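Working notes, structure below.
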Amino acid sequence: MRALRTTTALAAAAMFTALTAGCGQDQETRSATEPAPAQSTASSNAPAAPEGIAAFGTPTSAAGDWTVELRAPEKTEAPADARSVPTGWTALRTTVKFTNRAAHIATLPRTGLTVRYGDEGRAATLFTGTGLPGLPERGTTRVKPGGSFAADIGVAVPAPAAGARATVTAEVTKEGMAEAENLFFEGTLPGHTSSTAPGSNGAEEPAVGATVPFGRWSTPGIRLSPISLAQGEAGGRRAELELSVANKGADPKKGMAVSLRVLTGDGLKEVASIIPGLGYKDAPIAPQRTATTTVRFTVPDTAVPGPVTVEARASDGTRTTYDGTLR
């Protein structure tokens with residue numbers, strides 16, 4: 001889990017387009033020499049986002065001296081030298097713009113972006129390449145008063161995500177501050193929603209009883225998918241499941257903050273323990289939104305087929321037991 005967090009939040013998701021020089025004293029510096037893409041706007045038919053989530057293209061105050069704007073994504077060709085673009089995924093080009101509102105020269109705040117798509121809030125992949133350098137890794141970029149800095153960023157999503165909602169968490173840490181301020185931005189990805197795109201079960205009534213079946217929501221707002229298994233190999237069978245966490249509140253949730261224990265057989269032999277922050281992205285979750293991540297582990301060959309139990313422990317100590325079968 002990231003060390004930099006705050007419970008303060010403002011706004012919503014990703015970005016794109018031409019950046020132009022401002023009026024008067026405003027001066028914009030681009031992080032790349034590529035021509036700025038044409039601006040696009042989110043669909044006017046999109047439902048209003050919850051309070052605390054800003055629309056694409058809306059400048060949002062951050063860290064006192066800055067405004068941050070994430071512009072709507074547009075399709076692009078992944079550069080030949082692009083890294084981290086999964087095979088078959090759609091490449092998008094986005095832009096994030098920072099404007100210095102202080103009366104003095106300021107260092108660009110360190111910023112981390114997490115893009116989640118769809119009602120389930122699965123994670124998109126950020127990538128870099130020629131013309132898409134991404135955000136500066138270190139706080140060495142200086143911006144004059146009234147000036148702006150823009151960074152062009154690559155985002156990859158699977159084809160079924162076309163037309164889906166995208167929610168971006170921007171964790172912005174001002175120079176000299178120890179904690180990040182969380183901003184949320186939201187809009188619609190380019191394209192038309194696929195009829196085969198996975199839907200959301202966020203409105204389901206939580207399962208009742210001592211244990212929760214895989215695939216159902218629990219009262220604390222946690223859902224585990226059924227476990228899928230790969231072919232056997234030395235040391236056991238590779239396994240994975242999806243962990244979904246719903247933020248039902250009006251304030252940001254600090255992160256998924258759920259640890260898992262996997263136990264097999266009637267004797268409940270512990271075969272895996274997954275700790276928050278290790279192996280999956282744990283950025284804050286926007287109000288009234290869900291985040292989903294894939295968790296991978298290994299189970300012994302001897303446990304298949306057979307019963308499996310997973311205990312999920314939330315950050316407040318609440319424990320929920322999920323039951324299913326390894327096949």
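FYI, nothing fancy with the structure tokens labels: chains A, B, ... in order, residues from 1 per chain, ligands from 1 as they appear.
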
Can you pull out every residue within 7 Å of segment 281-297 of chain A, counting only C-alpha atoms, but drop anything in the same chain fewer than 2 positions away, and send it as number ranges by chain? A: 1-2, 50, 114, 119-123, 169, 184, 238-256, 272, 277, 299

### Task
Name the residues in contact with Gly129 of chain A at a cut-off of 6 Å, using only C-alpha atoms, excluding same-chain residues fewer than 5 positions from it; report them as a list in words.
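These residues fall inside the cut-off: Pro79, Asp81 and Ala82 of chain A.
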
Using only C-alpha atoms, the best pick from A:Leu183, A:Ile53, A:Ala314, A:Leu126 as closest to Glu171 of chain A would be A:Leu183

Across A:Val157, A:Thr325, A:Gln231, A:Pro213, the smallest distance to Thr264 of chain A, with only C-alpha atoms counted, is shown by A:Thr325

Mind running segment 36-117 of chain A against segment 142-146 of chain A at 12 Å and telling me each contacting residue's nearest atom pair with the distance in Å (one decimal), counting only C-alpha atoms, chain and number ascending, as JSON lines?
```
{"residue": "A:Asp65", "atom": "CA", "partner": "A:Pro145", "partner_atom": "CA", "distance": 9.6}
{"residue": "A:Trp66", "atom": "CA", "partner": "A:Gly146", "partner_atom": "CA", "distance": 9.6}
{"residue": "A:Thr67", "atom": "CA", "partner": "A:Gly146", "partner_atom": "CA", "distance": 10.5}
{"residue": "A:Lys97", "atom": "CA", "partner": "A:Val143", "partner_atom": "CA", "distance": 11.8}
{"residue": "A:Phe98", "atom": "CA", "partner": "A:Val143", "partner_atom": "CA", "distance": 9.1}
{"residue": "A:Thr99", "atom": "CA", "partner": "A:Gly146", "partner_atom": "CA", "distance": 6.6}
{"residue": "A:Asn100", "atom": "CA", "partner": "A:Gly146", "partner_atom": "CA", "distance": 5.3}
{"residue": "A:Arg101", "atom": "CA", "partner": "A:Gly146", "partner_atom": "CA", "distance": 5.5}
{"residue": "A:Ala102", "atom": "CA", "partner": "A:Pro145", "partner_atom": "CA", "distance": 5.8}
{"residue": "A:Ala103", "atom": "CA", "partner": "A:Pro145", "partner_atom": "CA", "distance": 5.4}
{"residue": "A:His104", "atom": "CA", "partner": "A:Pro145", "partner_atom": "CA", "distance": 5.3}
{"residue": "A:Ile105", "atom": "CA", "partner": "A:Lys144", "partner_atom": "CA", "distance": 4.4}
{"residue": "A:Ala106", "atom": "CA", "partner": "A:Val143", "partner_atom": "CA", "distance": 5.5}
{"residue": "A:Thr107", "atom": "CA", "partner": "A:Arg142", "partner_atom": "CA", "distance": 4.4}
{"residue": "A:Leu108", "atom": "CA", "partner": "A:Arg142", "partner_atom": "CA", "distance": 5.9}
{"residue": "A:Pro109", "atom": "CA", "partner": "A:Arg142", "partner_atom": "CA", "distance": 9.5}
{"residue": "A:Arg110", "atom": "CA", "partner": "A:Arg142", "partner_atom": "CA", "distance": 11.8}
```

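The shortest atom-to-atom distance to Leu260 of chain A, with only C-alpha atoms taken into account, belongs to A:Tyr322 out of A:Thr211, A:Val155, A:Tyr322, A:Ala166.
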
TODO: Using DSSP on the backbone coordinates, identify all residues within segment 32-271 of chain A classified as strand (DSSP E or B); present the result as JSON, numbers by chain.
DONE: {"A": [54, 55, 60, 61, 62, 66, 67, 68, 69, 70, 74, 75, 90, 91, 92, 93, 94, 95, 96, 97, 98, 99, 100, 106, 107, 110, 111, 112, 113, 114, 115, 116, 117, 122, 123, 125, 126, 127, 129, 132, 142, 143, 148, 149, 150, 151, 152, 153, 154, 155, 156, 157, 165, 166, 167, 168, 169, 170, 171, 172, 173, 181, 182, 183, 184, 185, 186, 187, 188, 212, 213, 217, 222, 223, 224, 228, 229, 230, 231, 232, 233, 236, 237, 238, 239, 240, 241, 242, 243, 244, 245, 246, 253, 258, 259, 260, 261, 262, 263, 264, 269, 270, 271]}

Keeping C-alpha atoms for every residue in the selection just given, could you write it to a file as a tab-separated table (two decimals), in the first residue's frame?
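Below is the file result_32.tsv, written as the result:
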```
chain	number	residue	atom	x	y	z
A	54	ALA	CA	-14.67	15.84	-11.11
A	55	ALA	CA	-15.42	15.34	-14.79
A	60	THR	CA	-9.35	20.93	-9.76
A	61	SER	CA	-7.52	22.58	-6.89
A	62	ALA	CA	-4.77	20.53	-5.28
A	66	TRP	CA	-1.94	23.99	-7.92
A	67	THR	CA	-4.80	23.05	-10.17
A	68	VAL	CA	-4.80	19.68	-11.89
A	69	GLU	CA	-6.73	18.80	-15.04
A	70	LEU	CA	-7.05	15.35	-16.58
A	74	GLU	CA	-8.58	9.16	-27.08
A	75	LYS	CA	-7.47	6.15	-29.08
A	90	THR	CA	-6.48	-0.78	-26.78
A	91	ALA	CA	-3.94	2.05	-26.50
A	92	LEU	CA	-5.20	5.46	-25.38
A	93	ARG	CA	-3.43	8.80	-25.20
A	94	THR	CA	-4.15	11.15	-22.31
A	95	THR	CA	-2.85	14.42	-20.90
A	96	VAL	CA	-2.54	15.71	-17.35
A	97	LYS	CA	-2.00	19.44	-16.88
A	98	PHE	CA	-0.70	21.19	-13.75
A	99	THR	CA	-1.03	24.97	-13.30
A	100	ASN	CA	0.94	26.87	-10.67
A	106	ALA	CA	7.07	26.05	-7.46
A	107	THR	CA	8.29	22.50	-7.96
A	110	ARG	CA	4.92	14.25	-7.22
A	111	THR	CA	1.86	12.54	-8.67
A	112	GLY	CA	0.77	8.95	-9.04
A	113	LEU	CA	-2.14	7.99	-11.30
A	114	THR	CA	-4.36	4.91	-11.04
A	115	VAL	CA	-6.95	4.36	-13.78
A	116	ARG	CA	-9.86	2.01	-13.09
A	117	TYR	CA	-12.50	1.17	-15.68
A	122	ARG	CA	-10.55	-3.07	-12.81
A	123	ALA	CA	-7.13	-1.52	-13.29
A	125	THR	CA	-2.25	-0.26	-17.49
A	126	LEU	CA	-0.16	2.89	-17.81
A	127	PHE	CA	2.62	2.77	-20.38
A	129	GLY	CA	6.99	5.30	-25.16
A	132	LEU	CA	4.17	9.44	-24.26
A	142	ARG	CA	9.88	23.89	-11.79
A	143	VAL	CA	6.94	26.00	-12.97
A	148	SER	CA	1.56	25.24	-16.60
A	149	PHE	CA	3.18	21.88	-17.21
A	150	ALA	CA	1.57	19.11	-19.26
A	151	ALA	CA	2.48	15.44	-19.46
A	152	ASP	CA	1.30	13.02	-22.12
A	153	ILE	CA	0.52	9.54	-20.82
A	154	GLY	CA	-0.35	6.18	-22.36
A	155	VAL	CA	-3.19	4.11	-20.92
A	156	ALA	CA	-4.09	0.61	-22.12
A	157	VAL	CA	-7.46	-1.07	-21.56
A	165	ARG	CA	-16.75	4.57	-17.25
A	166	ALA	CA	-13.18	5.38	-16.21
A	167	THR	CA	-12.28	6.70	-12.76
A	168	VAL	CA	-8.81	8.07	-12.12
A	169	THR	CA	-7.19	8.52	-8.73
A	170	ALA	CA	-4.46	11.17	-8.71
A	171	GLU	CA	-2.29	11.07	-5.59
A	172	VAL	CA	-0.69	14.52	-5.51
A	173	THR	CA	2.13	15.28	-3.06
A	181	GLU	CA	-3.85	14.72	-1.51
A	182	ASN	CA	-6.23	12.46	-3.43
A	183	LEU	CA	-8.10	13.80	-6.43
A	184	PHE	CA	-10.67	11.84	-8.43
A	185	PHE	CA	-11.61	12.37	-12.08
A	186	GLU	CA	-14.16	10.50	-14.13
A	187	GLY	CA	-15.59	10.17	-17.62
A	188	THR	CA	-16.23	7.72	-20.44
A	212	VAL	CA	-20.23	-16.23	1.96
A	213	PRO	CA	-20.18	-18.12	-1.38
A	217	TRP	CA	-20.86	-9.59	-1.79
A	222	ILE	CA	-15.98	-7.30	-0.19
A	223	ARG	CA	-16.44	-9.87	-2.95
A	224	LEU	CA	-14.19	-12.76	-4.00
A	228	SER	CA	-9.56	-20.45	-11.25
A	229	LEU	CA	-6.68	-22.92	-11.64
A	230	ALA	CA	-3.94	-23.25	-14.22
A	231	GLN	CA	-2.18	-26.44	-15.24
A	232	GLY	CA	-0.13	-28.14	-12.56
A	233	GLU	CA	3.58	-27.48	-12.20
A	236	GLY	CA	1.50	-27.02	-6.94
A	237	ARG	CA	-1.22	-25.42	-9.03
A	238	ARG	CA	-1.23	-21.75	-9.89
A	239	ALA	CA	-4.48	-20.13	-8.80
A	240	GLU	CA	-6.09	-16.72	-9.02
A	241	LEU	CA	-9.22	-14.89	-7.96
A	242	GLU	CA	-10.57	-11.36	-8.22
A	243	LEU	CA	-10.87	-9.29	-5.07
A	244	SER	CA	-13.46	-6.48	-5.26
A	245	VAL	CA	-13.90	-3.80	-2.62
A	246	ALA	CA	-16.83	-1.36	-2.68
A	253	LYS	CA	-11.59	4.92	0.99
A	258	VAL	CA	-7.88	-6.35	2.67
A	259	SER	CA	-5.64	-9.30	3.55
A	260	LEU	CA	-6.51	-12.86	2.51
A	261	ARG	CA	-5.77	-16.29	3.97
A	262	VAL	CA	-6.34	-19.30	1.72
A	263	LEU	CA	-7.07	-22.61	3.45
A	264	THR	CA	-7.75	-25.96	1.81
A	269	LYS	CA	-4.63	-26.09	5.98
A	270	GLU	CA	-3.29	-22.59	5.29
A	271	VAL	CA	-1.56	-22.56	1.89
```

Nearest to Ser225 of chain A, chosen from A:Val310, A:Arg71, A:Trp89, A:Pro59, with only C-alpha atoms counted in the distances: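 Once distances to Ser225 of chain A are computed over only C-alpha atoms, the minimum belongs to A:Val310.
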